[in-house]
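Structure data (compact mmCIF, C-alpha atoms) from input-v8.txt:
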```
# COMPACT_ATOMS: atom_id res chain seq x y z
CA LEU J 262 -15.60 -3.25 1.09
CA ALA J 263 -15.72 -5.72 3.99
CA CYS J 264 -13.04 -7.97 2.47
CA GLY J 265 -10.94 -4.96 1.49
CA ASN J 266 -10.93 -3.69 5.07
CA ALA J 267 -10.41 -7.11 6.69
CA VAL J 268 -7.32 -7.84 4.59
CA TYR J 269 -5.37 -5.15 6.46
CA LEU J 270 -5.50 -7.41 9.52
CA PHE J 271 -3.50 -10.08 7.70
CA LEU J 272 -1.24 -8.37 5.12
CA GLY J 273 1.02 -5.32 5.11
CA LEU J 274 0.01 -2.00 3.57
CA GLY J 275 2.64 -2.10 0.82
CA PHE J 276 1.94 -5.70 -0.20
CA ILE J 277 -1.79 -4.98 -0.43
CA GLN J 278 -1.13 -2.09 -2.80
CA MET J 279 1.17 -4.28 -4.88
CA LEU J 280 -1.55 -6.90 -5.25
CA LYS J 281 -3.95 -4.21 -6.48
CA ALA J 282 -1.92 -4.03 -9.68
CA PHE J 283 -3.63 -7.36 -10.45
CA THR J 284 -6.94 -5.51 -10.89
CA PRO J 285 -6.96 -5.38 -14.76
CA ALA J 286 -6.76 -9.17 -14.93
CA VAL J 287 -9.72 -9.45 -12.56
CA VAL J 288 -11.65 -6.79 -14.49
CA LEU J 289 -11.05 -8.73 -17.71
CA ILE J 290 -12.53 -11.89 -16.16
CA VAL J 291 -15.54 -9.92 -14.93
CA MET J 292 -16.03 -8.29 -18.34
CA VAL J 293 -16.10 -11.73 -19.95
CA LEU J 294 -18.64 -12.93 -17.36
CA VAL J 295 -20.99 -9.98 -17.99
CA GLY J 296 -20.71 -10.31 -21.77
CA ALA J 297 -18.54 -7.28 -22.50
CA PRO J 298 -16.54 -7.18 -25.77
CA SER J 299 -13.36 -9.27 -25.80
CA VAL J 300 -9.96 -7.60 -25.53
CA SER J 301 -7.20 -7.61 -28.13
CA LYS J 302 -4.17 -9.89 -28.17
CA PRO J 303 -1.77 -7.15 -26.94
CA ALA J 304 -4.08 -6.52 -23.99
CA LEU J 305 -4.00 -10.24 -23.14
CA LEU J 306 -0.20 -10.17 -23.35
CA PHE J 307 0.04 -7.30 -20.88
CA ILE J 308 -2.42 -9.03 -18.57
CA LEU J 309 -0.21 -12.13 -18.61
CA LEU J 310 2.67 -9.85 -17.55
CA ILE J 311 0.53 -8.57 -14.67
CA VAL J 312 -0.22 -12.14 -13.60
CA ALA J 313 3.48 -13.09 -13.79
CA GLY J 314 4.48 -10.03 -11.77
CA THR J 315 1.83 -10.75 -9.15
CA VAL J 316 3.08 -14.34 -8.78
CA LEU J 317 6.59 -12.99 -8.13
CA GLU J 318 5.21 -10.53 -5.58
CA VAL J 319 3.54 -13.37 -3.68
CA GLN J 320 6.73 -15.45 -3.81
CA GLY J 321 8.76 -12.52 -2.48
CA GLU J 322 6.45 -11.64 0.40
CA LEU J 323 7.88 -12.89 3.69
CA ASN J 324 4.77 -12.39 5.85
CA MET J 325 2.01 -13.62 3.54
CA THR J 326 -0.92 -15.62 4.89
CA ILE J 327 -3.35 -17.73 2.88
CA GLY J 328 -6.32 -16.13 4.61
CA GLY J 329 -5.10 -12.64 3.79
CA LEU J 330 -4.46 -13.56 0.15
CA ALA J 331 -7.94 -15.11 -0.14
CA LEU J 332 -9.53 -11.95 1.30
CA MET J 333 -7.53 -9.81 -1.14
CA MET J 334 -8.66 -11.86 -4.16
CA ALA J 335 -12.28 -11.69 -2.95
CA ALA J 336 -11.97 -7.91 -2.57
CA GLU J 337 -10.46 -7.62 -6.08
CA PHE J 338 -13.30 -9.57 -7.70
CA CYS J 339 -15.98 -7.66 -5.79
CA GLU J 340 -14.40 -4.34 -6.72
CA ALA J 341 -14.16 -5.36 -10.39
CA PHE J 342 -17.84 -6.34 -10.46
CA SER J 343 -18.70 -3.05 -8.75
CA LEU J 344 -16.72 -0.96 -11.25
CA VAL J 345 -18.11 -2.67 -14.34
CA LEU J 346 -21.73 -2.67 -13.17
CA THR J 347 -21.53 0.90 -11.80
CA GLN J 348 -20.21 2.15 -15.13
CA ARG J 349 -23.12 0.43 -16.88
CA LEU J 350 -25.55 1.99 -14.39
CA LEU J 351 -24.21 5.55 -14.64
CA GLN J 352 -23.21 5.71 -18.30
CA ASP J 353 -25.33 3.21 -20.21
CA LEU J 354 -28.54 3.62 -18.17
CA LYS J 355 -27.91 7.38 -17.60
CA PHE J 356 -28.44 7.30 -13.83
CA SER J 357 -27.38 10.38 -11.90
CA ILE J 358 -24.95 10.09 -8.98
CA ILE J 359 -27.73 10.54 -6.41
CA GLU J 360 -29.84 7.90 -8.16
CA GLY J 361 -26.86 5.57 -8.11
CA PHE J 362 -26.49 6.06 -4.36
CA TYR J 363 -30.23 5.54 -3.94
CA VAL J 364 -30.06 2.16 -5.71
CA LEU J 365 -26.72 0.85 -4.43
CA GLY J 366 -26.57 2.42 -0.95
CA PRO J 367 -29.26 0.36 0.83
CA VAL J 368 -27.94 -2.91 -0.61
CA SER J 369 -24.36 -2.10 0.41
CA ALA J 370 -25.46 -1.05 3.91
CA PHE J 371 -27.51 -4.24 4.36
CA CYS J 372 -24.61 -6.49 3.31
CA LEU J 373 -22.13 -4.70 5.60
CA VAL J 374 -24.47 -4.70 8.59
CA LEU J 375 -25.23 -8.41 8.09
CA ALA J 376 -21.53 -9.31 7.86
CA ALA J 377 -20.70 -7.18 10.90
CA ALA J 378 -23.55 -8.67 12.94
CA VAL J 379 -22.37 -12.21 12.28
CA LEU J 380 -18.59 -11.77 12.40
CA GLU J 381 -17.82 -8.72 14.54
CA TRP J 382 -20.64 -7.68 16.89
CA PRO J 383 -20.32 -10.60 19.34
CA ARG J 384 -16.60 -9.98 19.78
CA LEU J 385 -17.18 -6.23 19.92
CA LEU J 386 -19.62 -6.59 22.81
CA THR J 387 -17.56 -9.09 24.82
CA ASN J 388 -14.25 -7.22 24.45
CA GLY J 389 -15.63 -3.78 25.25
CA GLY J 390 -14.99 -2.44 21.77
CA LEU J 391 -17.91 -0.04 22.03
CA LEU J 392 -15.93 1.91 24.64
CA ILE J 393 -13.34 2.71 21.98
CA VAL J 394 -16.06 4.24 19.81
CA ALA J 395 -17.45 6.17 22.78
CA ASN J 396 -14.02 7.50 23.77
CA SER J 397 -12.99 8.55 20.25
CA PRO J 398 -16.19 9.49 18.38
CA LEU J 399 -14.54 12.12 16.19
CA TYR J 400 -12.21 9.56 14.58
CA PHE J 401 -15.14 7.34 13.59
CA ILE J 402 -17.23 10.27 12.37
CA ALA J 403 -14.30 11.50 10.27
CA ALA J 404 -13.73 8.01 8.83
CA ALA J 405 -17.41 7.64 7.91
CA THR J 406 -17.48 11.12 6.33
CA MET J 407 -14.36 10.45 4.27
CA GLY J 408 -15.84 7.13 3.14
CA LEU J 409 -18.94 8.94 1.88
CA VAL J 410 -16.80 11.53 0.09
CA VAL J 411 -14.67 8.82 -1.55
CA ASN J 412 -17.78 7.02 -2.81
CA PHE J 413 -19.27 10.25 -4.17
CA VAL J 414 -16.04 11.19 -5.96
CA SER J 415 -15.65 7.64 -7.33
CA PHE J 416 -19.18 7.71 -8.75
CA SER J 417 -18.49 11.12 -10.30
CA LEU J 418 -15.29 9.86 -11.95
CA ILE J 419 -16.97 6.77 -13.35
CA GLN J 420 -19.81 8.86 -14.72
CA VAL J 421 -17.65 11.44 -16.52
CA THR J 422 -14.67 9.21 -17.42
CA SER J 423 -14.47 5.40 -17.23
CA THR J 424 -13.40 2.53 -15.02
CA LEU J 425 -10.07 2.64 -16.86
CA PHE J 426 -9.30 6.13 -15.58
CA CYS J 427 -10.24 5.06 -12.06
CA LYS J 428 -7.82 2.13 -12.29
CA ILE J 429 -5.01 4.47 -13.36
CA LEU J 430 -5.63 6.73 -10.37
CA ASN J 431 -5.73 3.69 -8.07
CA ALA J 432 -2.39 2.50 -9.46
CA ILE J 433 -0.78 5.89 -8.76
CA ARG J 434 -2.22 5.85 -5.25
CA GLY J 435 -0.91 2.32 -4.77
CA ILE J 436 2.65 3.33 -5.67
CA MET J 437 2.55 6.18 -3.17
CA LEU J 438 1.18 3.90 -0.44
CA VAL J 439 3.89 1.29 -1.08
CA ILE J 440 6.53 3.98 -0.57
CA TYR J 441 4.67 5.23 2.51
CA GLY J 442 4.53 1.73 3.99
CA VAL J 443 8.26 1.19 3.56
CA ILE J 444 9.24 4.60 4.98
CA VAL J 445 6.70 5.02 7.80
CA TYR J 446 5.88 1.46 8.86
CA GLY J 447 9.27 -0.03 8.04
CA GLU J 448 7.79 -2.80 5.87
CA GLU J 449 10.40 -5.03 4.28
CA CYS J 450 10.46 -5.00 0.47
CA THR J 451 12.50 -7.89 -0.93
CA THR J 452 14.17 -7.73 -4.32
CA LEU J 453 11.89 -10.43 -5.72
CA LYS J 454 8.78 -8.56 -4.57
CA LEU J 455 10.07 -5.30 -6.04
CA VAL J 456 10.86 -6.98 -9.38
CA GLY J 457 7.41 -8.58 -9.45
CA TYR J 458 5.74 -5.25 -8.69
CA SER J 459 7.73 -3.54 -11.45
CA ILE J 460 6.68 -6.21 -13.96
CA ALA J 461 3.04 -5.93 -12.87
CA LEU J 462 3.13 -2.13 -13.17
CA PHE J 463 4.67 -2.39 -16.64
CA GLY J 464 1.91 -4.76 -17.67
CA PHE J 465 -0.65 -2.45 -16.08
CA ALA J 466 0.67 0.55 -18.01
CA GLY J 467 0.73 -1.42 -21.26
CA TYR J 468 -2.80 -2.69 -20.73
CA ASN J 469 -4.10 0.84 -20.12
CA TYR J 470 -2.27 2.13 -23.23
CA VAL J 471 -3.89 -0.59 -25.31
CA GLN J 472 -7.32 0.34 -23.93
CA MET J 473 -6.80 4.06 -24.51
CA PHE J 474 -5.41 3.85 -28.06
CA PRO J 475 -7.08 0.87 -29.76
CA LYS J 476 -6.50 2.17 -33.32
CA GLU J 477 -2.74 2.32 -32.85
CA VAL J 478 -2.79 -1.19 -31.43
CA VAL J 479 -4.69 -2.51 -34.45
CA GLU J 480 -2.07 -0.93 -36.69
CA TRP J 481 0.73 -2.57 -34.69
CA GLU J 482 -0.97 -5.94 -34.98
CA ARG J 483 -1.30 -5.51 -38.74
CA ARG J 484 2.39 -4.59 -39.14
CA LEU J 485 3.54 -7.48 -36.95
CA SER J 486 1.42 -9.96 -38.90
CA LEU J 487 2.91 -8.66 -42.16
CA LEU J 488 6.42 -8.91 -40.68
CA PHE J 489 5.92 -12.51 -39.53
CA SER J 490 4.32 -13.55 -42.81
CA SER J 491 7.20 -12.05 -44.83
CA SER J 492 9.84 -13.70 -42.60
CA GLN J 493 8.24 -17.14 -43.04
CA ARG J 494 8.54 -16.78 -46.78
```
Output the file's structure in the form of C-alpha cells.
Amino acid sequence: LACGNAVYLFLGLGFIQMLKAFTPAVVLIVMVLVGAPSVSKPALLFILLIVAGTVLEVQGELNMTIGGLALMMAAEFCEAFSLVLTQRLLQDLKFSIIEGFYVLGPVSAFCLVLAAAVLEWPRLLTNGGLLIVANSPLYFIAAATMGLVVNFVSFSLIQVTSTLFCKILNAIRGIMLVIYGVIVYGEECTTLKLVGYSIALFGFAGYNYVQMFPKEVVEWERRLSLLFSSSQR
C-alpha cells in the first residue's frame, strides 16, 4: 500500500495503470514461490506476451523514472503476495471477513505507521503539513473511509470468487483510469506505449481465459500436439 501510493509521486496515472497489466506475471512468480500448482504452457505464452507488452510500455513512456518504476514493481509483488495469501486465508482456512481484518489489520497498520514515521513524519512536521490536515479534515476522513470500504469489498470478493476475478476487475478499472488520465490530466500517450498496453491487455485476457477454462485449454494442447506430430511425419 505504501509503495502503491508513493509511486504516484513519480509516474503518471495512465502509465501506472498500464503497468498494472503486468500483475499476472507477478502473481505467477508468487504462486511458484508459495508452492502453488504450476500453470499450463498456454498460460506461460500469454504471460510472455504481457511481459513483452510491458517492456514496450516502458520504452514508450517519456517521463519514466527509475525510482518510480522500482516502487511500482515493489507494489506489484506486495499486492500479488497479499492476494495469494489472502485467498488462502479466506477460502482454504475458512476465515470470515472480520477475522481476516482482525489478523491482517494490526500488521498492516504497524508497517504503515513505521514507514510513515521514518520517511514522512519529519518532513511533515518541518513543512507544516499537519496544517493541511487540520484545514481539510473531511477530505482525509473521506479518504480513510473509502480505503476501509475498498478493503472490505476486496476481502468479500476474494472470499466468494477468486484472485482471478479481482484481477479482471482491476484490469477494467485500469483501462478506465488510463482514458481518464489522458482526457482530464492531459497525459501524453505515445504510439509505442499504446501498442505495448494493447499487447499486455491481450496477454492478460488470454491468461484469464486459460485460467477460467482449463479443460478447453487441455483439449487445444492435445489437438496442437497431434497436428505437429502429423506434420513432422
Which of J:Thr347, J:Ser301, J:Asn266, J:Asn469 sits closest to Asn412 in chain J [using only C-alpha atoms]: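 Nearest candidate to Asn412 in chain J out of J:Thr347, J:Ser301, J:Asn266, J:Asn469: J:Thr347.
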Residue nearest Ala336 in chain J - candidates J:Tyr363, J:Phe413, J:Tyr468, J:Phe283, atoms counted: all atoms listed in the file: J:Phe283
Atomic distance CA of Leu487 in chain J - CA of Gln472 in chain J, expressed in Å with one decimal: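 Rounded to one decimal, the two atoms are 22.8 Å apart.
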Point-to-point distance from CA of Val471 in chain J to CA of Ala432 in chain J, Å rounded to tenths: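 Separation between CA of Val471 in chain J and CA of Ala432 in chain J: 16.2 Å.
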Pick from J:Met325, J:Ile393, J:Leu280, J:Ala304 nearest to Glu337 in chain J, counting all atoms listed in the file: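 The closest residue to Glu337 in chain J is J:Leu280.
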Selection as JSON, numbers by chain: residues within 12 Å of (-21.8, -3.7, 1.2), counting all atoms listed in the file: {"J": [262, 263, 264, 265, 266, 336, 339, 340, 343, 365, 366, 367, 368, 369, 370, 371, 372, 373, 374, 375, 376, 377]}
Residues within 10 Å of Leu310 in chain J, all atoms listed in the file, excluding chain neighbours under 4 positions, as number ranges by chain: J: 283, 286, 304-306, 314-316, 457, 460-465, 467-468
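The residue that comes closest to Asn431 in chain J, out of J:Ala466, J:Ala282, J:Val268, J:Val456 and on the basis of all atoms listed in the file, is J:Ala282.
Note that CA of Tyr446 in chain J and CA of Gln320 in chain J are 21.1 Å apart.
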Among the residues J:Leu386, J:Leu399, J:Met333, J:Val394, the one that comes closest to Gln278 in chain J [using all atoms listed in the file]: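 Result for the nearest residue to Gln278 in chain J: J:Met333.
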Considering only C-alpha atoms, tabulate each residue of range 273-380 of chain J that lies at most 8 Å from range 433-439 of chain J along with its nearest interatomic pair and the corresponding distance in Å to one decimal; arrange the rows by chain and ascending residue number and present them as a tab-separated table.
```
residue	atom	partner	partner_atom	distance
J:Leu274	CA	J:Val439	CA	6.9
J:Gly275	CA	J:Val439	CA	4.1
J:Phe276	CA	J:Val439	CA	7.3
J:Gln278	CA	J:Gly435	CA	4.8
J:Met279	CA	J:Gly435	CA	6.9
J:Lys281	CA	J:Gly435	CA	7.4
```
